[in-house]
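Next up, model-v7.cif (mmCIF, C-alpha atoms and all ligand atoms):
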```cif
data_start
#
loop_
_atom_site.label_atom_id
_atom_site.label_comp_id
_atom_site.auth_asym_id
_atom_site.auth_seq_id
_atom_site.Cartn_x
_atom_site.Cartn_y
_atom_site.Cartn_z
CA MET I 30 0.00 0.00 0.00
CA ASP I 31 1.10 3.53 -0.74
CA TYR I 32 0.19 5.15 2.54
CA LYS I 33 0.07 8.90 3.02
CA ILE I 34 2.83 10.62 4.92
CA GLU I 35 0.94 10.98 8.24
CA THR I 36 0.45 7.21 8.24
CA ARG I 37 4.05 6.53 7.25
CA CYS I 38 5.30 8.71 10.15
CA ILE I 39 3.72 6.12 12.45
CA HIS I 40 4.05 2.86 10.57
CA GLY I 41 6.83 3.38 8.09
CA LYS I 42 6.48 1.35 4.91
CA GLU I 43 5.14 -1.74 6.61
CA GLU I 44 1.60 -2.17 7.81
CA ARG I 45 2.90 -3.73 11.02
CA GLU I 46 6.38 -4.39 12.34
CA ASN I 47 6.72 -7.82 13.91
CA HIS I 48 8.16 -7.12 17.34
CA SER I 49 8.63 -9.79 19.99
CA PHE I 50 5.58 -10.42 22.19
CA GLY I 51 3.48 -8.21 19.93
CA ALA I 52 5.10 -5.06 21.29
CA ILE I 53 3.60 -2.07 19.49
CA THR I 54 6.74 0.07 19.72
CA VAL I 55 10.22 -1.01 18.75
CA PRO I 56 12.23 -2.53 21.62
CA ILE I 57 15.45 -0.72 22.53
CA TYR I 58 18.05 -3.32 21.60
CA GLN I 59 20.66 -2.08 24.03
CA THR I 60 23.38 -4.46 22.97
CA ALA I 61 26.84 -3.93 21.54
CA THR I 62 27.03 -7.23 19.72
CA PHE I 63 24.97 -10.18 18.46
CA SER I 64 25.53 -13.90 18.77
CA HIS I 65 26.05 -15.88 15.59
CA PRO I 66 23.81 -18.93 15.18
CA GLY I 67 26.64 -20.79 13.43
CA ILE I 68 29.87 -20.34 11.52
CA GLY I 69 29.24 -18.04 8.59
CA ASN I 70 25.70 -17.43 9.89
CA SER I 71 24.29 -14.13 11.08
CA THR I 72 20.97 -12.95 12.47
CA GLY I 73 21.36 -10.02 10.10
CA PHE I 74 23.00 -8.04 12.88
CA ASP I 75 26.65 -8.48 13.89
CA TYR I 76 27.78 -5.46 15.84
CA SER I 77 25.89 -2.30 16.80
CA ARG I 78 28.35 0.15 15.23
CA GLU I 79 27.46 -1.28 11.86
CA SER I 80 23.78 -2.10 12.48
CA ASN I 81 21.24 -2.45 15.26
CA PRO I 82 17.55 -3.45 15.04
CA THR I 83 16.21 -0.34 16.81
CA ARG I 84 18.31 1.91 14.62
CA LYS I 85 17.38 -0.04 11.50
CA GLU I 86 13.69 0.60 12.12
CA LEU I 87 14.47 4.32 12.34
CA GLU I 88 16.63 4.25 9.21
CA ASP I 89 13.88 2.47 7.29
CA MET I 90 11.42 5.07 8.57
CA ILE I 91 13.52 7.96 7.24
CA SER I 92 14.05 6.15 3.92
CA SER I 93 10.30 5.70 3.65
CA LEU I 94 9.58 9.37 4.44
CA GLU I 95 12.26 10.71 2.08
CA GLY I 96 11.74 8.17 -0.70
CA ALA I 97 15.38 7.11 -0.29
CA LEU I 98 16.99 3.77 -1.10
CA ASP I 99 18.93 3.78 2.15
CA THR I 100 19.56 5.97 5.20
CA VAL I 101 22.20 5.86 7.89
CA ALA I 102 21.39 7.31 11.32
CA CYS I 103 24.26 9.28 12.86
CA ALA I 104 24.99 10.62 16.32
CA SER I 105 24.21 14.21 15.24
CA GLY I 106 23.48 16.29 12.17
CA MET I 107 27.15 17.26 12.02
CA ALA I 108 28.15 13.59 12.10
CA ALA I 109 25.98 13.11 8.98
CA VAL I 110 27.54 16.17 7.31
CA SER I 111 31.05 14.88 8.12
CA LEU I 112 30.19 11.44 6.79
CA CYS I 113 28.97 13.01 3.55
CA LEU I 114 32.33 14.77 3.12
CA GLU I 115 34.06 11.36 3.15
CA LEU I 116 32.47 10.63 -0.23
CA PHE I 117 34.85 13.12 -1.86
CA GLN I 118 38.51 13.04 -2.88
CA PRO I 119 41.29 15.60 -2.43
CA GLY I 120 41.00 18.21 -5.18
CA ASP I 121 37.19 17.96 -5.41
CA HIS I 122 35.22 21.19 -5.28
CA ILE I 123 31.79 21.55 -3.65
CA LEU I 124 29.61 24.54 -4.45
CA CYS I 125 27.33 25.47 -1.54
CA THR I 126 24.44 27.77 -0.72
CA ASP I 127 26.01 30.93 0.73
CA ASP I 128 23.67 30.94 3.71
CA LEU I 129 24.31 27.54 5.27
CA TYR I 130 24.04 26.32 8.82
CA GLY I 131 27.13 27.76 10.55
CA GLY I 132 28.35 24.38 11.78
CA SER I 133 28.46 23.09 8.20
CA VAL I 134 30.49 26.12 7.12
CA ARG I 135 32.90 25.42 9.99
CA ALA I 136 33.21 21.73 9.07
CA PHE I 137 33.83 22.56 5.42
CA GLY I 138 36.38 25.28 6.20
CA GLU I 139 38.30 23.34 8.84
CA LEU I 140 37.99 19.62 8.23
CA GLY I 141 37.10 19.64 4.54
CA THR I 142 39.89 21.99 3.54
CA LYS I 143 42.42 19.99 5.58
CA ARG I 144 41.49 16.97 3.44
CA GLY I 145 42.16 18.89 0.24
CA LEU I 146 38.53 19.62 -0.61
CA GLU I 147 37.60 23.03 -2.00
CA PHE I 148 34.42 24.91 -1.16
CA SER I 149 32.82 28.02 -2.50
CA TYR I 150 29.55 29.71 -1.70
CA ALA I 151 26.94 30.98 -4.13
CA ASP I 152 23.53 32.56 -3.85
CA THR I 153 21.87 29.38 -5.11
CA SER I 154 18.50 31.14 -5.34
CA ASP I 155 20.12 32.65 -8.47
CA CYS I 156 20.61 29.74 -10.87
CA VAL I 157 22.50 31.73 -13.53
CA GLY I 158 24.97 33.09 -10.97
CA THR I 159 25.39 29.63 -9.48
CA GLU I 160 26.20 28.07 -12.86
CA LYS I 161 28.99 30.62 -13.39
CA MET I 162 30.68 29.39 -10.21
CA ILE I 163 30.87 25.76 -11.32
CA ARG I 164 34.50 24.74 -11.90
CA LYS I 165 36.20 21.89 -13.74
CA ASN I 166 36.71 20.05 -10.46
CA THR I 167 33.22 20.74 -9.05
CA LYS I 168 31.69 17.46 -7.89
CA ALA I 169 28.61 18.51 -5.94
CA LEU I 170 26.04 21.18 -5.17
CA TYR I 171 25.27 21.45 -1.46
CA ILE I 172 21.94 23.18 -0.88
CA GLU I 173 19.81 24.35 2.02
CA THR I 174 16.33 25.54 1.11
CA PRO I 175 15.02 27.45 3.00
CA SER I 176 18.50 28.63 3.93
CA ASN I 177 19.59 29.25 7.48
CA PRO I 178 18.90 31.86 8.78
CA THR I 179 17.76 34.20 5.98
CA MET I 180 15.21 31.73 4.49
CA LYS I 181 16.32 32.06 0.89
CA ILE I 182 14.65 29.55 -1.40
CA THR I 183 16.61 27.59 -4.00
CA ASP I 184 14.83 26.02 -6.96
CA LEU I 185 15.78 22.37 -6.61
CA SER I 186 14.66 21.37 -10.12
CA LYS I 187 16.96 24.03 -11.57
CA MET I 188 19.81 22.77 -9.40
CA LYS I 189 19.09 19.27 -10.69
CA GLU I 190 19.38 20.54 -14.28
CA LEU I 191 22.81 21.96 -13.43
CA ALA I 192 23.78 18.74 -11.67
CA ILE I 193 22.89 16.70 -14.76
CA ARG I 194 24.60 19.09 -17.19
CA TYR I 195 27.88 19.13 -15.24
CA GLY I 196 27.77 15.64 -13.73
CA LEU I 197 27.42 16.79 -10.11
CA LEU I 198 25.86 15.21 -7.04
CA LEU I 199 22.94 17.18 -5.67
CA ILE I 200 23.04 17.24 -1.86
CA VAL I 201 20.20 18.86 0.10
CA ASP I 202 20.10 19.58 3.83
CA ASN I 203 16.36 19.16 4.45
CA THR I 204 16.40 19.96 8.19
CA PHE I 205 14.16 23.05 8.02
CA LEU I 206 11.18 21.60 6.14
CA THR I 207 11.59 17.89 6.94
CA PRO I 208 10.16 15.16 4.68
CA TYR I 209 6.70 16.13 5.92
CA PHE I 210 6.85 19.30 3.83
CA GLN I 211 9.57 18.65 1.25
CA ASN I 212 11.08 15.60 -0.50
CA PRO I 213 14.29 16.63 -2.29
CA ILE I 214 14.78 13.14 -3.73
CA ASP I 215 11.52 13.50 -5.69
CA LEU I 216 13.08 16.63 -7.22
CA GLY I 217 16.31 14.84 -8.13
CA ALA I 218 18.53 15.02 -5.04
CA ASP I 219 21.17 12.28 -4.77
CA LEU I 220 21.80 12.78 -1.07
CA VAL I 221 19.65 14.23 1.69
CA ILE I 222 21.01 15.31 5.05
CA HIS I 223 19.07 15.95 8.25
CA SER I 224 19.76 17.18 11.68
CA GLY I 225 17.31 14.84 13.43
CA THR I 226 17.90 16.95 16.53
CA LYS I 227 15.44 19.50 15.18
CA PHE I 228 11.90 18.81 13.90
CA LEU I 229 12.26 15.05 13.48
CA GLY I 230 13.17 14.47 17.13
CA GLY I 231 11.05 17.49 17.93
CA HIS I 232 11.40 17.61 21.70
CA ASN I 233 14.78 19.29 22.26
CA ASP I 234 15.89 16.20 24.15
CA THR I 235 18.38 14.41 21.93
CA LEU I 236 20.81 14.76 19.02
CA ALA I 237 20.63 12.80 15.78
CA GLY I 238 21.50 13.08 12.11
CA PHE I 239 20.69 11.28 8.87
CA LEU I 240 22.32 10.75 5.52
CA SER I 241 19.92 9.32 2.91
CA THR I 242 20.65 8.45 -0.68
CA SER I 243 18.64 7.69 -3.79
CA ARG I 244 21.66 6.35 -5.68
CA GLY I 245 22.23 2.60 -5.70
CA GLU I 246 25.97 2.94 -6.24
CA LEU I 247 26.30 5.13 -3.14
CA VAL I 248 24.47 2.79 -0.75
CA SER I 249 27.31 0.35 -0.07
CA LYS I 250 29.91 3.12 -0.17
CA ILE I 251 28.08 5.06 2.54
CA ARG I 252 27.46 1.90 4.61
CA TYR I 253 31.19 1.08 4.41
CA LEU I 254 32.23 4.58 5.50
CA TYR I 255 29.57 4.56 8.24
CA LYS I 256 30.78 1.36 9.91
CA THR I 257 34.40 2.44 9.47
CA ILE I 258 34.03 5.90 11.01
CA GLY I 259 31.62 4.80 13.74
CA ASN I 260 29.53 7.92 14.25
CA CYS I 261 26.34 5.89 14.67
CA LEU I 262 23.19 6.75 16.64
CA SER I 263 22.63 4.83 19.89
CA PRO I 264 19.65 2.44 20.25
CA PHE I 265 18.00 4.64 22.88
CA ASP I 266 18.32 7.79 20.76
CA SER I 267 16.98 5.83 17.79
CA PHE I 268 13.94 4.98 19.88
CA LEU I 269 13.45 8.65 20.85
CA LEU I 270 13.63 9.70 17.21
CA LEU I 271 11.03 7.12 16.18
CA ARG I 272 8.83 8.33 19.01
CA GLY I 273 9.26 11.95 17.90
CA ILE I 274 8.48 11.20 14.26
CA LYS I 275 5.12 9.63 15.15
CA THR I 276 3.79 13.15 15.88
CA LEU I 277 5.73 14.98 13.16
CA SER I 278 2.64 15.76 11.08
CA VAL I 279 0.54 17.29 13.85
CA ARG I 280 3.47 19.18 15.33
CA LEU I 281 4.48 20.70 12.01
CA GLU I 282 0.95 21.65 11.01
CA ARG I 283 0.37 23.43 14.30
CA GLN I 284 3.82 25.01 14.48
CA GLN I 285 3.43 26.32 10.94
CA GLU I 286 0.00 27.78 11.70
CA SER I 287 1.40 29.58 14.74
CA ALA I 288 4.48 30.75 12.83
CA TYR I 289 2.31 32.30 10.14
CA ARG I 290 0.34 34.25 12.73
CA ILE I 291 3.48 35.38 14.53
CA ALA I 292 5.21 36.39 11.28
CA ARG I 293 2.19 38.54 10.37
CA TRP I 294 2.16 40.08 13.83
CA LEU I 295 5.90 40.81 13.74
CA LYS I 296 5.47 42.50 10.35
CA GLY I 297 3.08 44.99 11.87
CA HIS I 298 5.31 45.86 14.84
CA GLU I 299 6.92 49.29 14.80
CA LYS I 300 10.27 48.04 16.11
CA VAL I 301 10.55 45.24 13.54
CA ARG I 302 12.16 46.29 10.25
CA GLN I 303 12.12 43.07 8.26
CA VAL I 304 10.54 39.63 8.60
CA TYR I 305 11.92 36.56 6.82
CA TYR I 306 9.22 33.90 6.69
CA VAL I 307 8.71 31.66 3.67
CA GLY I 308 4.93 31.57 4.21
CA LEU I 309 4.46 35.31 3.58
CA PRO I 310 3.41 35.81 -0.08
CA GLU I 311 5.79 38.79 -0.33
CA HIS I 312 8.76 36.55 0.59
CA PRO I 313 11.08 36.44 -2.47
CA GLY I 314 11.07 32.63 -2.65
CA TYR I 315 7.38 32.15 -1.87
CA GLU I 316 6.35 30.82 -5.28
CA VAL I 317 9.34 28.59 -5.88
CA ASN I 318 8.84 27.09 -2.43
CA GLN I 319 5.18 26.54 -3.13
CA ASN I 320 6.04 24.64 -6.31
CA GLN I 321 8.50 22.31 -4.67
CA SER I 322 7.16 21.75 -1.16
CA ARG I 323 3.92 21.34 0.80
CA GLY I 324 4.57 23.98 3.44
CA PHE I 325 6.67 26.77 4.87
CA GLY I 326 7.74 25.43 8.24
CA SER I 327 7.92 27.35 11.48
CA MET I 328 11.22 29.22 11.30
CA ILE I 329 11.05 33.01 11.29
CA SER I 330 13.94 35.45 11.23
CA PHE I 331 13.48 39.15 11.81
CA CYS I 332 15.44 42.37 12.11
CA THR I 333 14.74 44.87 14.82
CA ASP I 334 15.19 48.64 14.49
CA THR I 335 18.35 48.74 16.61
CA ALA I 336 20.87 46.34 18.15
CA GLY I 337 19.62 47.58 21.53
CA THR I 338 16.10 46.32 20.76
CA ALA I 339 17.44 42.92 19.69
CA ARG I 340 19.42 42.59 22.91
CA ARG I 341 16.47 43.71 25.03
CA VAL I 342 14.22 41.12 23.41
CA LEU I 343 16.73 38.39 24.22
CA GLU I 344 16.95 39.56 27.82
CA ARG I 345 13.24 40.08 28.38
CA ILE I 346 11.61 37.03 26.84
CA ARG I 347 10.07 34.86 29.55
CA LEU I 348 8.18 32.09 27.79
CA ILE I 349 10.37 31.86 24.70
CA THR I 350 13.88 30.68 25.58
CA TYR I 351 17.11 32.28 24.42
CA ALA I 352 18.89 29.17 23.16
CA GLU I 353 20.43 27.57 20.11
CA SER I 354 18.61 24.91 18.12
CA LEU I 355 15.18 24.79 16.57
CA GLY I 356 12.27 22.59 15.63
CA GLY I 357 11.24 21.41 19.09
CA VAL I 358 8.01 21.86 21.02
CA GLU I 359 9.60 24.70 23.04
CA SER I 360 9.91 28.01 21.20
CA LEU I 361 13.52 29.17 21.02
CA LEU I 362 15.03 32.50 20.06
CA THR I 363 18.56 32.61 18.67
CA TYR I 364 21.04 35.41 18.09
CA PRO I 365 22.70 33.98 14.95
CA MET I 366 25.53 36.50 14.94
CA LEU I 367 26.83 35.17 18.27
CA GLN I 368 25.46 31.63 18.25
CA THR I 369 24.79 29.49 15.17
CA HIS I 370 26.79 31.72 12.82
CA GLY I 371 29.50 32.89 15.21
CA ASP I 372 32.15 31.15 13.11
CA VAL I 373 30.98 32.57 9.79
CA PRO I 374 33.39 35.36 8.68
CA GLU I 375 32.03 38.82 9.49
CA GLU I 376 32.06 40.10 5.89
CA VAL I 377 30.01 37.06 4.80
CA ARG I 378 27.57 37.60 7.66
CA GLU I 379 27.18 41.29 6.82
CA LYS I 380 26.57 40.47 3.16
CA LEU I 381 23.81 38.07 4.15
CA GLY I 382 22.31 40.55 6.57
CA ILE I 383 23.08 38.56 9.73
CA THR I 384 23.75 41.65 11.82
CA ASP I 385 23.47 42.58 15.50
CA ARG I 386 19.78 43.35 14.83
CA PHE I 387 19.00 39.92 13.40
CA LEU I 388 17.08 37.31 15.44
CA ARG I 389 15.85 33.83 14.56
CA LEU I 390 12.73 32.37 16.14
CA SER I 391 11.78 28.70 16.13
CA VAL I 392 8.07 28.58 16.82
CA GLY I 393 7.10 25.69 19.09
CA LEU I 394 3.80 24.26 20.23
CA GLU I 395 2.81 26.80 22.87
CA ASN I 396 -0.41 28.73 22.28
CA PRO I 397 0.45 31.44 19.72
CA ASP I 398 -1.39 34.07 21.78
CA ASP I 399 1.00 33.42 24.65
CA LEU I 400 4.00 33.60 22.30
CA ILE I 401 2.79 36.90 20.81
CA ALA I 402 2.17 38.30 24.29
CA ASP I 403 5.72 37.37 25.25
CA LEU I 404 7.17 39.01 22.15
CA ARG I 405 4.99 42.08 22.71
CA GLN I 406 6.24 42.66 26.24
CA ALA I 407 9.85 41.93 25.18
CA LEU I 408 9.65 44.41 22.29
CA SER I 409 7.92 47.13 24.30
C1 LIG Z 501 21.38 21.94 13.51
C2 LIG Z 501 21.67 21.80 12.07
C3 LIG Z 501 22.70 20.98 11.62
C4 LIG Z 501 23.61 20.24 12.57
O1 LIG Z 501 22.91 19.28 13.31
P1 LIG Z 501 23.30 18.83 14.81
O2 LIG Z 501 22.29 17.79 15.10
O3 LIG Z 501 23.20 20.04 15.68
O4 LIG Z 501 24.69 18.31 14.76
C5 LIG Z 501 22.88 20.86 10.24
N1 LIG Z 501 22.10 21.54 9.37
C6 LIG Z 501 21.10 22.35 9.78
C7 LIG Z 501 20.27 23.06 8.78
C8 LIG Z 501 20.85 22.50 11.14
O5 LIG Z 501 19.86 23.32 11.54
#
```
Just give me the structure of the file as structure tokens.
Amino acid sequence: MDYKIETRCIHGKEERENHSFGAITVPIYQTATFSHPGIGNSTGFDYSRESNPTRKELEDMISSLEGALDTVACASGMAAVSLCLELFQPGDHILCTDDLYGGSVRAFGELGTKRGLEFSYADTSDCVGTEKMIRKNTKALYIETPSNPTMKITDLSKMKELAIRYGLLLIVDNTFLTPYFQNPIDLGADLVIHSGTKFLGGHNDTLAGFLSTSRGELVSKIRYLYKTIGNCLSPFDSFLLLRGIKTLSVRLERQQESAYRIARWLKGHEKVRQVYYVGLPEHPGYEVNQNQSRGFGSMISFCTDTAGTARRVLERIRLITYAESLGGVESLLTYPMLQTHGDVPEEVREKLGITDRFLRLSVGLENPDDLIADLRQALS
């Protein structure tokens, strides 16, 4: 059966998993290793670094949601990003969205460069400009859409055209919209990355990451790197992620509804100069996003009139928490300049508009009236 995504968030591809004793939820197989029934025989599981039944159920779940051939579950989003870098050789060039998650920029600049990889950054919402930056040694496009934190939208079908024309891998970090709203593989992506810490886990209580692929020839390569590097997700965290994903659809629908209301309210506030929310029709990427996804998500960035206002908001919020991260049931406010993008060079930050007046809000599951009241008193 081809079940709809809400159903797949709960059951995965299968109608019913066969767990011991009829357990409805997956048992936490807290074991490092597995006994072999005989010489040259295996239960299908040998050692938990390489595979584990709890983690496998989660990996199959993500593959089902993303339409991937295979997924590996990693200890964090950054572990998945690092694993992805291992697919490349010294001298390879990767062309990235210029407004990436700061941790990815740090990994590329430090670890990637040390391995002889080259990176450059383009405004991938501009396809013509992006094409001009493709080099002879370019091997991949690395895209975030919406981007983090300025919510720029990249047309994934156009990126796929470039990828085909120049023989590149198309890699998409799908953390912000999740497979509930967007399926990059349907639009041609070869690899999809997630920080499972965010919406997929959804409760700000654990870290996780995923690397999914739609390419048969990459499946065994990634599996080999995965068991060799050993940055796997623990059985307990795999269980938490599966538990989080069961409510992904209702959380995202509600969080998006609240985010839309809050974005509209922020737009009308006298101390707010600019609001970056994909769901506002005046957002520059609104139409492209509408063509390639089923929603806008619940991430809002905004600029205040002065740096003083931004700082006061961070100090005065009572219900919303000043903290890094996003996507959970608790609403969080981030100061990207100092937090998520602290390692991004200042001139790059300034160019993108990530200034001392720039704030990023992850809208959680609290009542939106309470969230607006908190923002109102903090902005007053
Ligand atoms: C948080 C995040 C990451 C890194 O994930 P961790 O789980 O924190 O390691 C990567 N990409 C994006 C878009 C993120 O928001």
Each side padded by 3 Å, which centre and which edge lengths in Å (one decimal) define the axis-aligned box around the listed atoms of ligand LIG 501 (chain Z)? Give them as lines of an AutoDock Vina configuration file.
```
center_x = 22.3
center_y = 20.6
center_z = 12.2
size_x = 10.8
size_y = 11.5
size_z = 12.9
```
Taking all atoms listed in the file into account, which residues are within 10 Å of ligand LIG 501 (chain Z), as a PyMOL selection string?
-> chain I and resi 103-111+128-134+172-178+201-206+222-228+230+235-239+353-356+369
Between atom CA of I:Asn166 and atom CA of I:Glu379, distance in Å (one decimal) = 29.0 Å
Work out how far apart atom CA of I:Cys38 and atom CA of I:Lys275 are and give it in Å to one decimal.
-> 5.1 Å
Nearest to I:Arg341: which of I:Thr384, I:Ala407, I:Glu286, I:Val307 is it, counting all atoms listed in the file?
->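 Result for the nearest residue to I:Arg341: I:Ala407.
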Nearest-residue call for I:Thr142, choices I:Phe117, I:Tyr171, I:Tyr58, I:Phe331, using only C-alpha atoms = I:Phe117
Using atom CA of I:Glu299 and atom CA of I:His312 as the two end points, give the distance in Å to one decimal.
-> 19.2 Å
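Of the listed residues I:Ile329, I:Ile346, I:Cys156, I:Leu112, the one whose atoms come nearest to I:Met180 is I:Ile329, with distances taken using all atoms listed in the file.
Of the residues listed (I:Arg144, I:Lys380, I:Lys181, I:Arg280), I:Lys181 shows the shortest atom-to-atom separation from I:Ser330; distances use all atoms listed in the file.
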Repaired coordinates for stretch 281-294 of chain I (N, CA, C and O atoms) as a CSV table (one decimal), keeping the file's coordinate frame:
```
chain,number,residue,atom,x,y,z
I,281,LEU,N,4.1,19.7,13.1
I,281,LEU,CA,4.5,20.7,12.0
I,281,LEU,C,3.3,21.5,11.5
I,281,LEU,O,3.4,22.7,11.3
I,282,GLU,N,2.1,20.9,11.4
I,282,GLU,CA,1.0,21.6,11.0
I,282,GLU,C,0.7,22.8,12.0
I,282,GLU,O,0.4,23.9,11.6
I,283,ARG,N,0.7,22.4,13.3
I,283,ARG,CA,0.4,23.4,14.3
I,283,ARG,C,1.5,24.5,14.4
I,283,ARG,O,1.2,25.7,14.5
I,284,GLN,N,2.7,24.0,14.4
I,284,GLN,CA,3.8,25.0,14.5
I,284,GLN,C,3.8,26.0,13.3
I,284,GLN,O,4.1,27.2,13.5
I,285,GLN,N,3.5,25.5,12.1
I,285,GLN,CA,3.4,26.3,10.9
I,285,GLN,C,2.3,27.3,11.1
I,285,GLN,O,2.5,28.5,10.7
I,286,GLU,N,1.1,26.9,11.5
I,286,GLU,CA,0.0,27.8,11.7
I,286,GLU,C,0.4,28.9,12.7
I,286,GLU,O,0.1,30.1,12.4
I,287,SER,N,1.0,28.6,13.8
I,287,SER,CA,1.4,29.6,14.7
I,287,SER,C,2.4,30.5,14.1
I,287,SER,O,2.4,31.7,14.4
I,288,ALA,N,3.4,29.9,13.4
I,288,ALA,CA,4.5,30.8,12.8
I,288,ALA,C,3.9,31.8,11.9
I,288,ALA,O,4.3,32.9,11.8
I,289,TYR,N,2.9,31.4,11.1
I,289,TYR,CA,2.3,32.3,10.1
I,289,TYR,C,1.7,33.5,10.9
I,289,TYR,O,1.9,34.6,10.5
I,290,ARG,N,1.0,33.2,11.9
I,290,ARG,CA,0.3,34.2,12.7
I,290,ARG,C,1.4,35.2,13.3
I,290,ARG,O,1.2,36.4,13.3
I,291,ILE,N,2.4,34.6,13.9
I,291,ILE,CA,3.5,35.4,14.5
I,291,ILE,C,4.2,36.2,13.5
I,291,ILE,O,4.5,37.4,13.8
I,292,ALA,N,4.5,35.6,12.3
I,292,ALA,CA,5.2,36.4,11.3
I,292,ALA,C,4.4,37.6,10.9
I,292,ALA,O,4.9,38.7,10.7
I,293,ARG,N,3.1,37.4,10.7
I,293,ARG,CA,2.2,38.5,10.4
I,293,ARG,C,2.2,39.6,11.5
I,293,ARG,O,2.2,40.8,11.2
I,294,TRP,N,2.2,39.1,12.7
I,294,TRP,CA,2.2,40.1,13.8
I,294,TRP,C,3.5,40.9,13.9
I,294,TRP,O,3.5,42.1,14.1
```
